[in-house]
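For reference, work03.cif (mmCIF, C-alpha atoms):
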```cif
data_input
#
loop_
_atom_site.label_atom_id
_atom_site.label_comp_id
_atom_site.auth_asym_id
_atom_site.auth_seq_id
_atom_site.Cartn_x
_atom_site.Cartn_y
_atom_site.Cartn_z
CA MET A 77 -2.69 -64.64 31.74
CA HIS A 78 -0.15 -62.29 30.36
CA THR A 79 -1.44 -62.61 26.84
CA ALA A 80 -4.96 -61.56 27.85
CA VAL A 81 -3.61 -58.48 29.65
CA ASP A 82 -1.43 -57.74 26.64
CA ILE A 83 -4.46 -57.89 24.37
CA LEU A 84 -6.31 -55.54 26.72
CA ILE A 85 -3.44 -53.04 26.75
CA GLY A 86 -3.05 -53.35 22.99
CA ALA A 87 -6.76 -52.80 22.39
CA ALA A 88 -6.80 -49.71 24.62
CA LEU A 89 -3.72 -48.35 22.87
CA VAL A 90 -5.19 -48.96 19.42
CA ILE A 91 -8.50 -47.32 20.34
CA GLY A 92 -6.70 -44.36 21.89
CA LEU A 93 -4.40 -43.89 18.93
CA PHE A 94 -7.30 -44.27 16.50
CA PHE A 95 -9.39 -41.57 18.17
CA ASN A 96 -6.43 -39.25 18.62
CA THR A 97 -5.61 -39.66 14.95
CA MET A 98 -9.20 -38.96 14.00
CA GLY A 99 -9.16 -35.84 16.16
CA VAL A 100 -6.00 -34.52 14.53
CA LEU A 101 -7.34 -35.35 11.06
CA GLY A 102 -10.50 -33.51 12.06
CA ILE A 103 -8.70 -30.30 12.94
CA LEU A 104 -6.74 -30.63 9.70
CA ARG A 105 -9.70 -31.30 7.39
CA PHE A 106 -12.77 -29.68 8.94
CA PRO A 107 -13.79 -26.34 7.41
CA ASP A 108 -14.68 -24.28 10.45
CA VAL A 109 -13.51 -23.28 13.91
CA TYR A 110 -16.50 -24.93 15.53
CA THR A 111 -16.21 -28.20 13.65
CA ARG A 112 -12.51 -28.31 14.49
CA LEU A 113 -13.38 -27.74 18.12
CA HIS A 114 -15.78 -30.66 17.83
CA ALA A 115 -12.96 -32.91 16.63
CA ASP A 116 -10.61 -31.52 19.27
CA THR A 117 -12.69 -31.81 22.39
CA LYS A 118 -14.53 -35.03 21.63
CA ALA A 119 -12.13 -37.29 19.74
CA THR A 120 -8.91 -36.23 21.40
CA THR A 121 -10.33 -36.44 24.90
CA PHE A 122 -11.80 -39.87 24.24
CA GLY A 123 -8.53 -41.11 22.77
CA SER A 124 -6.53 -39.76 25.69
CA ILE A 125 -8.87 -41.51 28.12
CA PHE A 126 -8.07 -44.81 26.43
CA ILE A 127 -4.35 -44.04 26.45
CA GLY A 128 -4.68 -43.48 30.19
CA LEU A 129 -6.62 -46.74 30.48
CA ALA A 130 -3.81 -48.60 28.76
CA VAL A 131 -1.33 -47.08 31.19
CA VAL A 132 -3.57 -48.05 34.12
CA VAL A 133 -3.72 -51.68 32.97
CA TRP A 134 0.02 -51.63 32.41
CA ALA A 135 0.56 -50.33 35.94
CA ILE A 136 -1.77 -52.97 37.42
CA ARG A 137 0.14 -55.76 35.71
CA ALA A 138 3.47 -54.29 36.79
CA ALA A 139 2.21 -53.92 40.36
CA CYS A 140 1.12 -57.56 40.41
CA ALA A 141 4.42 -58.78 38.98
CA ALA A 142 7.09 -56.56 40.52
CA ALA A 143 8.24 -56.40 44.11
CA ALA A 144 7.94 -52.60 44.31
CA ALA A 145 4.17 -52.49 43.96
CA GLY A 146 3.71 -49.22 45.86
CA ALA A 147 5.33 -47.08 43.16
CA TRP A 148 3.12 -48.58 40.45
CA VAL A 149 -0.05 -48.10 42.51
CA ASN A 150 1.02 -44.50 43.07
CA LEU A 151 1.48 -44.08 39.31
CA LEU A 152 -1.91 -45.68 38.67
CA LEU A 153 -3.75 -43.33 41.01
CA HIS A 154 -1.99 -40.32 39.55
CA VAL A 155 -2.91 -41.45 36.04
CA LEU A 156 -6.55 -41.57 37.12
CA VAL A 157 -6.23 -38.03 38.52
CA ALA A 158 -4.63 -36.88 35.27
CA VAL A 159 -7.47 -38.40 33.23
CA VAL A 160 -10.09 -36.68 35.38
CA VAL A 161 -8.24 -33.36 35.07
CA LEU A 162 -8.07 -33.89 31.31
CA LEU A 163 -11.81 -34.52 31.14
CA VAL A 164 -12.70 -31.35 33.04
CA THR A 165 -10.21 -29.04 31.37
CA ASN A 166 -10.88 -30.18 27.81
CA ALA A 167 -14.63 -29.77 28.11
CA THR A 168 -14.55 -26.33 29.72
CA GLY A 169 -11.62 -25.15 27.61
CA GLY A 170 -13.39 -26.11 24.40
CA HIS A 171 -16.53 -24.34 25.59
CA ALA A 172 -14.50 -21.21 26.36
CA ILE A 173 -12.85 -21.26 22.93
CA ALA A 174 -16.19 -21.67 21.15
CA ARG A 175 -17.80 -18.84 23.09
CA ALA A 176 -14.80 -16.57 22.61
CA ALA A 177 -14.76 -17.32 18.89
CA TRP A 178 -18.45 -16.43 18.61
CA LEU A 179 -17.99 -13.22 20.58
CA ALA A 180 -14.98 -12.35 18.42
CA GLY A 181 -17.23 -12.36 15.38
CA TYR A 182 -16.67 -15.80 13.86
CA ARG A 183 -19.92 -17.41 12.72
CA PRO A 184 -20.53 -21.06 11.87
CA ARG A 185 -20.97 -21.54 8.15
CA GLN A 186 -23.90 -23.91 8.04
CA ALA A 187 -25.39 -23.73 11.50
CA VAL A 188 -28.67 -25.51 12.17
CA VAL A 189 -28.84 -24.15 15.70
CA ASP A 190 -27.05 -20.97 16.73
CA ALA A 191 -28.22 -20.36 20.27
CA LEU A 192 -25.93 -17.39 20.88
CA SER A 193 -27.35 -15.58 17.85
CA ALA A 194 -30.85 -16.25 19.16
CA ASP A 195 -29.85 -14.86 22.55
CA ALA A 196 -28.29 -11.83 20.94
CA ASP A 197 -31.42 -11.18 18.88
CA ALA A 198 -33.61 -11.57 21.94
CA GLY A 199 -31.33 -9.28 23.95
CA THR A 200 -30.63 -11.92 26.58
CA LEU A 201 -26.99 -12.59 25.75
CA ASP A 202 -25.23 -12.62 29.09
CA THR A 203 -21.65 -11.38 28.87
CA PRO A 204 -20.86 -10.26 32.40
CA ASP A 205 -17.09 -10.01 32.22
CA GLU A 206 -15.88 -9.81 28.67
CA PRO A 207 -12.69 -7.75 28.77
CA VAL A 208 -12.88 -6.84 25.09
CA ALA A 209 -16.38 -5.48 25.54
CA GLU A 210 -15.31 -3.53 28.62
CA VAL A 211 -12.41 -1.93 26.79
CA GLU A 212 -14.67 -0.98 23.92
CA LYS A 213 -17.20 0.55 26.28
CA LEU A 214 -14.47 2.59 27.95
CA ALA A 215 -13.14 3.71 24.60
CA GLU A 216 -16.60 4.45 23.27
CA GLU A 217 -18.02 6.47 26.14
CA PRO A 218 -16.84 9.98 25.12
CA LEU A 219 -17.55 9.29 21.46
CA ALA A 220 -21.00 7.93 22.30
CA ALA A 221 -21.68 11.12 24.26
CA VAL A 222 -20.85 13.19 21.20
CA SER A 223 -23.03 11.06 18.98
CA GLU A 224 -25.92 11.32 21.43
CA VAL A 225 -25.71 15.08 21.21
CA GLU A 226 -26.03 14.85 17.47
CA LYS A 227 -28.83 12.30 17.31
CA PRO A 228 -30.31 11.94 20.80
CA ALA A 229 -33.47 10.05 19.91
CA GLU A 230 -31.91 7.45 17.63
CA LYS A 231 -28.70 6.89 19.53
CA ALA A 232 -30.53 6.36 22.81
CA SER A 233 -32.30 3.31 21.49
CA GLU A 234 -29.20 2.01 19.76
CA SER A 235 -27.01 2.37 22.83
CA GLU A 236 -29.39 0.13 24.74
CA LYS A 237 -29.01 -2.56 22.12
CA THR A 238 -25.25 -2.27 22.03
CA ALA A 239 -25.04 -2.46 25.80
CA GLU A 240 -26.70 -5.86 25.69
CA THR A 241 -25.01 -7.19 22.58
CA PRO A 242 -21.36 -6.23 22.60
CA VAL A 243 -20.67 -8.05 19.33
CA SER A 244 -22.88 -5.70 17.40
CA GLU A 245 -20.88 -2.82 18.83
CA ALA A 246 -18.08 -3.61 16.45
CA PRO A 247 -19.59 -2.06 13.30
CA GLU A 248 -21.07 0.83 15.26
CA ALA A 249 -17.88 1.51 17.13
CA GLY A 250 -16.26 2.38 13.83
CA LYS A 251 -18.73 5.15 13.10
CA PRO A 252 -17.81 7.57 15.89
CA ALA A 253 -14.16 6.69 15.39
CA GLU A 254 -14.40 8.07 11.86
CA ASN A 255 -15.66 11.41 13.02
CA PRO A 256 -12.29 12.81 14.15
CA GLN A 257 -10.84 11.74 10.83
CA MET A 258 -13.62 13.53 8.99
CA GLU A 259 -13.05 16.61 11.10
CA ALA A 260 -9.36 16.40 10.35
CA LEU A 261 -10.11 16.20 6.62
CA VAL A 262 -12.40 19.20 6.89
CA ALA A 263 -9.70 21.06 8.77
CA GLU A 264 -7.19 20.24 6.06
CA LYS A 265 -9.35 21.57 3.27
CA PRO A 266 -8.63 25.30 3.90
CA ALA A 267 -4.94 24.45 3.89
CA GLU A 268 -5.31 22.76 0.54
CA GLN A 269 -7.28 25.69 -0.79
CA ALA A 270 -4.55 27.99 0.37
CA GLY A 271 -2.06 25.74 -1.37
CA GLU A 272 -4.00 26.02 -4.61
CA LYS A 273 -3.56 29.76 -4.51
CA VAL A 274 0.20 29.37 -4.56
CA PRO A 275 0.62 29.92 -8.33
CA VAL A 276 -1.51 33.01 -8.02
CA ALA A 277 0.89 34.48 -5.48
CA SER A 278 3.90 33.30 -7.46
CA GLU A 279 2.88 35.47 -10.39
CA VAL A 280 4.71 38.20 -8.57
CA PRO A 281 8.19 38.17 -10.21
CA GLU A 282 10.26 38.42 -7.04
CA GLU A 283 8.65 35.46 -5.32
CA SER A 284 8.53 33.29 -8.42
CA LYS A 285 12.35 33.04 -8.39
CA THR A 286 12.37 31.71 -4.86
CA ALA A 287 9.53 29.38 -5.71
CA ASP A 288 11.58 27.91 -8.55
CA GLN A 289 14.73 27.62 -6.50
CA LEU A 290 13.16 26.08 -3.42
CA PRO A 291 10.11 24.16 -4.54
CA GLU A 292 9.62 22.46 -1.16
CA LYS A 293 9.55 25.56 0.97
CA ALA A 294 7.83 27.61 -1.72
CA VAL A 295 4.41 26.38 -0.70
CA GLU A 296 4.90 27.36 2.92
CA MET A 297 6.40 30.70 2.03
CA ALA A 298 3.70 31.45 -0.48
CA VAL A 299 0.95 30.60 1.96
CA GLU A 300 2.54 32.71 4.67
CA ALA A 301 3.10 35.53 2.23
CA GLU A 302 -0.44 35.40 0.95
CA LYS A 303 -2.19 35.79 4.30
CA PRO A 304 -0.98 39.35 5.06
CA ALA A 305 -1.43 40.22 1.39
CA VAL A 306 -5.09 39.30 1.46
CA ALA A 307 -5.50 41.10 4.75
CA VAL A 308 -3.92 44.22 3.34
CA SER A 309 -6.01 44.05 0.21
CA ALA A 310 -9.16 43.65 2.25
CA GLY A 311 -8.20 46.48 4.59
CA ALA A 312 -6.93 48.97 2.02
CA ALA A 313 -9.50 48.30 -0.64
CA GLY A 314 -9.16 50.62 -3.60
CA GLU A 315 -5.85 52.20 -2.71
CA ALA A 316 -3.72 49.50 -4.47
CA ALA A 317 -1.00 49.73 -1.87
CA ALA A 318 1.54 47.07 -2.93
CA PRO A 319 2.03 45.15 -6.16
CA VAL A 320 1.69 41.87 -4.25
CA ALA A 321 -1.64 42.90 -2.85
CA ALA A 322 -2.79 44.12 -6.25
CA ALA A 323 -1.88 40.84 -7.90
CA THR A 324 -3.68 38.68 -5.38
CA SER A 325 -6.74 40.88 -5.23
CA GLU A 326 -7.08 40.93 -9.00
CA ALA A 327 -6.64 37.18 -9.26
CA GLU A 328 -9.29 36.52 -6.66
CA GLY A 329 -11.68 39.10 -8.02
CA GLY A 330 -11.74 40.43 -4.48
CA PRO A 331 -13.00 43.62 -2.92
CA ALA A 332 -10.66 45.77 -5.01
CA MET B 2 4.59 -54.81 25.12
CA ARG B 3 6.96 -52.00 25.92
CA ASP B 4 7.63 -51.67 22.20
CA TRP B 5 3.92 -51.10 21.58
CA MET B 6 3.80 -48.25 24.04
CA THR B 7 6.97 -46.77 22.59
CA PHE B 8 5.41 -46.99 19.14
CA ALA B 9 2.24 -45.34 20.48
CA ALA B 10 4.35 -42.52 21.96
CA ALA B 11 6.11 -42.00 18.64
CA TRP B 12 2.76 -42.01 16.82
CA MET B 13 1.44 -39.33 19.15
CA GLY B 14 4.53 -37.26 18.46
CA GLY B 15 3.68 -37.45 14.78
CA LEU B 16 0.14 -36.33 15.58
CA MET B 17 1.56 -33.32 17.40
CA LEU B 18 3.56 -32.38 14.32
CA LEU B 19 0.39 -32.64 12.20
CA SER B 20 -1.38 -30.36 14.66
CA LEU B 21 1.48 -27.91 14.32
CA TRP B 22 0.59 -27.67 10.63
CA ARG B 23 -2.87 -26.44 11.57
CA MET B 24 -1.35 -24.01 14.06
CA TRP B 25 0.95 -22.68 11.33
CA ARG B 26 -1.66 -22.48 8.57
CA GLY B 27 -4.83 -21.88 10.59
CA PRO B 28 -6.62 -19.00 8.89
CA THR B 29 -7.90 -17.47 12.12
CA VAL B 30 -6.59 -17.06 15.64
CA ALA B 31 -9.32 -19.36 16.94
CA ASP B 32 -8.03 -22.18 14.71
CA ARG B 33 -4.57 -21.78 16.18
CA VAL B 34 -6.01 -21.93 19.68
CA VAL B 35 -7.81 -25.16 18.77
CA ALA B 36 -4.56 -26.63 17.46
CA LEU B 37 -2.82 -25.58 20.68
CA ASP B 38 -5.54 -27.29 22.69
CA VAL B 39 -5.09 -30.51 20.71
CA ILE B 40 -1.35 -30.41 21.24
CA ASN B 41 -1.80 -29.88 24.98
CA THR B 42 -4.08 -32.90 25.23
CA LEU B 43 -1.67 -35.01 23.21
CA VAL B 44 1.26 -33.93 25.37
CA VAL B 45 -0.59 -35.03 28.52
CA ALA B 46 -1.39 -38.43 26.98
CA GLU B 47 2.20 -38.72 25.77
CA MET B 48 3.49 -38.05 29.27
CA LEU B 49 1.26 -40.82 30.64
CA LEU B 50 2.62 -43.22 28.03
CA LEU B 51 6.23 -42.31 28.73
CA ALA B 52 5.64 -42.62 32.47
CA ALA B 53 4.50 -46.21 31.86
CA VAL B 54 7.43 -46.91 29.56
CA PHE B 55 10.08 -45.49 31.88
CA GLY B 56 8.30 -46.50 35.08
CA SER B 57 8.61 -43.04 36.65
CA GLY B 58 5.63 -41.66 38.53
CA MET B 59 7.09 -38.17 38.41
CA LEU B 60 6.08 -37.79 34.77
CA VAL B 61 2.44 -38.33 35.71
CA ASP B 62 2.64 -35.51 38.23
CA VAL B 63 4.18 -33.34 35.55
CA ALA B 64 1.30 -34.32 33.25
CA ILE B 65 -1.29 -33.25 35.83
CA VAL B 66 0.37 -29.87 36.35
CA TYR B 67 0.77 -29.45 32.59
CA ALA B 68 -2.91 -30.15 32.01
CA LEU B 69 -3.95 -27.55 34.60
CA LEU B 70 -1.53 -24.90 33.34
CA SER B 71 -2.48 -25.47 29.70
CA TYR B 72 -6.11 -25.08 30.74
CA VAL B 73 -5.28 -21.71 32.29
CA GLY B 74 -3.43 -20.72 29.15
CA THR B 75 -6.33 -21.73 26.92
CA LEU B 76 -8.77 -19.74 29.03
CA TYR B 77 -6.52 -16.70 28.93
CA ILE B 78 -6.20 -16.84 25.15
CA ALA B 79 -9.96 -17.29 24.89
CA ARG B 80 -10.55 -14.20 27.01
CA THR B 81 -8.22 -12.04 24.96
CA LEU B 82 -9.17 -13.45 21.56
CA PRO B 83 -9.00 -10.54 19.11
CA LYS B 84 -12.00 -9.54 17.05
CA LYS B 85 -12.48 -11.03 13.61
CA GLY B 86 -10.35 -9.16 11.09
CA GLU B 87 -8.08 -7.47 13.61
CA ALA B 88 -5.33 -10.09 13.71
CA GLU B 89 -5.33 -13.12 11.45
#
```
Would you kindly transcribe this structure into structure tokens?
Amino acid sequence: MHTAVDILIGAALVIGLFFNTMGVLGILRFPDVYTRLHADTKATTFGSIFIGLAVVVWAIRAACAAAAAGAWVNLLLHVLVAVVVLLVTNATGGHAIARAAWLAGYRPRQAVVDALSADADAGTLDTPDEPVAEVEKLAEEPLAAVSEVEKPAEKASESEKTAETPVSEAPEAGKPAENPQMEALVAEKPAEQAGEKVPVASEVPEESKTADQLPEKAVEMAVEAEKPAVAVSAGAAGEAAAPVAAATSEAEGGPA
Amino acid sequence: MRDWMTFAAAWMGGLMLLSLWRMWRGPTVADRVVALDVINTLVVAEMLLLAAVFGSGMLVDVAIVYALLSYVGTLYIARTLPKKGEAE
């Protein structure tokens, strides 16, 4: 009697350990997120069910043998509840991970069927409450308004696509984000051009000494000194008021 | 028979350590989440085994609560999974 129950417990334990081991080897050896999820949710859940079955048989035998049977029956029922909870949570959790991985941009390497890509192409991908997509929409709204002013006809059709497929927003979200950087670069160009005129202004002998002594502040001083000089040379054209103004106006080939 | 279940519990502990390797190496965040999910499942099964070995029904209750809380944690990580290339 006991030997048959022992064989049953041992068989359940061996099956459970075998499938758990296969699941762990699967997440170690499989090449992809989705194949690893396959090993995780199928093999590990099945192995854990058999581990729970072994514990159930163990508890039944202990309840039949021991005097305190109530505690073992309590343990048995709770093990069944735990197995049911494990079934539900592993299935839905694996589904959530797979969907989140797809929405995060990970694609299966050799997919025969990719239903989410088909839905995204057809425009029927239903993502009601994706927080990442919501945050991107909130961050993109003012920038999208600017881009619609620039290209109203094209952006209108593209914004409809991006509203339905939030994954494809990712490459397009980078485009309006680059615009402030481009504007910043454009705004820096006059400053660089003014900086290039520094040696022209430093041809004046008095300022060239300070430029040699303080090379760091020389650029700022030269730029600040050049602005009124150019203004004076533009205002008093032909009078040759100051040597500084004469030097800069001659170097630029300006109005003088 | 108790030795078998103890051996099975030790074996599952080794499997958890192997899963930790995937969590450490996993090239993407999603791989680490998968490894975490495996470890959660193994911990629940391990708690069932140890409850049988030690004869304490409290561990089974702990296993049930652990399974539910790990499910919540997995769903939360899945909701806030960063985009590909943002955080590896």
message: Rounded to one decimal, what separation in Å do you get between atom CA of Asn96 of chain A and atom CA of Ser124 of chain A?
response: 7.1 Å
- request: State, in Å with one decimal place, the distance from atom CA of Thr29 of chain B to atom CA of Lys85 of chain B.
  value: 8.0 Å
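The closest residue to chain A, picked from B:Val63, B:Ala11, B:Tyr72, B:Leu18 and counting only C-alpha atoms, is B:Tyr72.
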field: Residues in the PyMOL selection byres ((chain B) within 8 of (chain A)), expressed as an NGL selection string
entry: :B and (2 or 5-6 or 9 or 12-13 or 16 or 19-20 or 22-23 or 31-32 or 34-36 or 38-39 or 42-43 or 46 or 49-50 or 53 or 56-58 or 61-62 or 64-65 or 68-69 or 72 or 75-76 or 79-85)
Could those selected residues go to a file with C-alpha atoms, as a tab-separated table (two decimals), keeping the file's coordinate frame?
```tsv
chain	number	residue	atom	x	y	z
B	2	MET	CA	4.59	-54.81	25.12
B	5	TRP	CA	3.92	-51.10	21.58
B	6	MET	CA	3.80	-48.25	24.04
B	9	ALA	CA	2.24	-45.34	20.48
B	12	TRP	CA	2.76	-42.01	16.82
B	13	MET	CA	1.44	-39.33	19.15
B	16	LEU	CA	0.14	-36.33	15.58
B	19	LEU	CA	0.39	-32.64	12.20
B	20	SER	CA	-1.38	-30.36	14.66
B	22	TRP	CA	0.59	-27.67	10.63
B	23	ARG	CA	-2.87	-26.44	11.57
B	31	ALA	CA	-9.32	-19.36	16.94
B	32	ASP	CA	-8.03	-22.18	14.71
B	34	VAL	CA	-6.01	-21.93	19.68
B	35	VAL	CA	-7.81	-25.16	18.77
B	36	ALA	CA	-4.56	-26.63	17.46
B	38	ASP	CA	-5.54	-27.29	22.69
B	39	VAL	CA	-5.09	-30.51	20.71
B	42	THR	CA	-4.08	-32.90	25.23
B	43	LEU	CA	-1.67	-35.01	23.21
B	46	ALA	CA	-1.39	-38.43	26.98
B	49	LEU	CA	1.26	-40.82	30.64
B	50	LEU	CA	2.62	-43.22	28.03
B	53	ALA	CA	4.50	-46.21	31.86
B	56	GLY	CA	8.30	-46.50	35.08
B	57	SER	CA	8.61	-43.04	36.65
B	58	GLY	CA	5.63	-41.66	38.53
B	61	VAL	CA	2.44	-38.33	35.71
B	62	ASP	CA	2.64	-35.51	38.23
B	64	ALA	CA	1.30	-34.32	33.25
B	65	ILE	CA	-1.29	-33.25	35.83
B	68	ALA	CA	-2.91	-30.15	32.01
B	69	LEU	CA	-3.95	-27.55	34.60
B	72	TYR	CA	-6.11	-25.08	30.74
B	75	THR	CA	-6.33	-21.73	26.92
B	76	LEU	CA	-8.77	-19.74	29.03
B	79	ALA	CA	-9.96	-17.29	24.89
B	80	ARG	CA	-10.55	-14.20	27.01
B	81	THR	CA	-8.22	-12.04	24.96
B	82	LEU	CA	-9.17	-13.45	21.56
B	83	PRO	CA	-9.00	-10.54	19.11
B	84	LYS	CA	-12.00	-9.54	17.05
B	85	LYS	CA	-12.48	-11.03	13.61
```
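For the pair atom CA of Met24 of chain B and atom CA of Leu37 of chain B, the interatomic distance is 7.0 Å.
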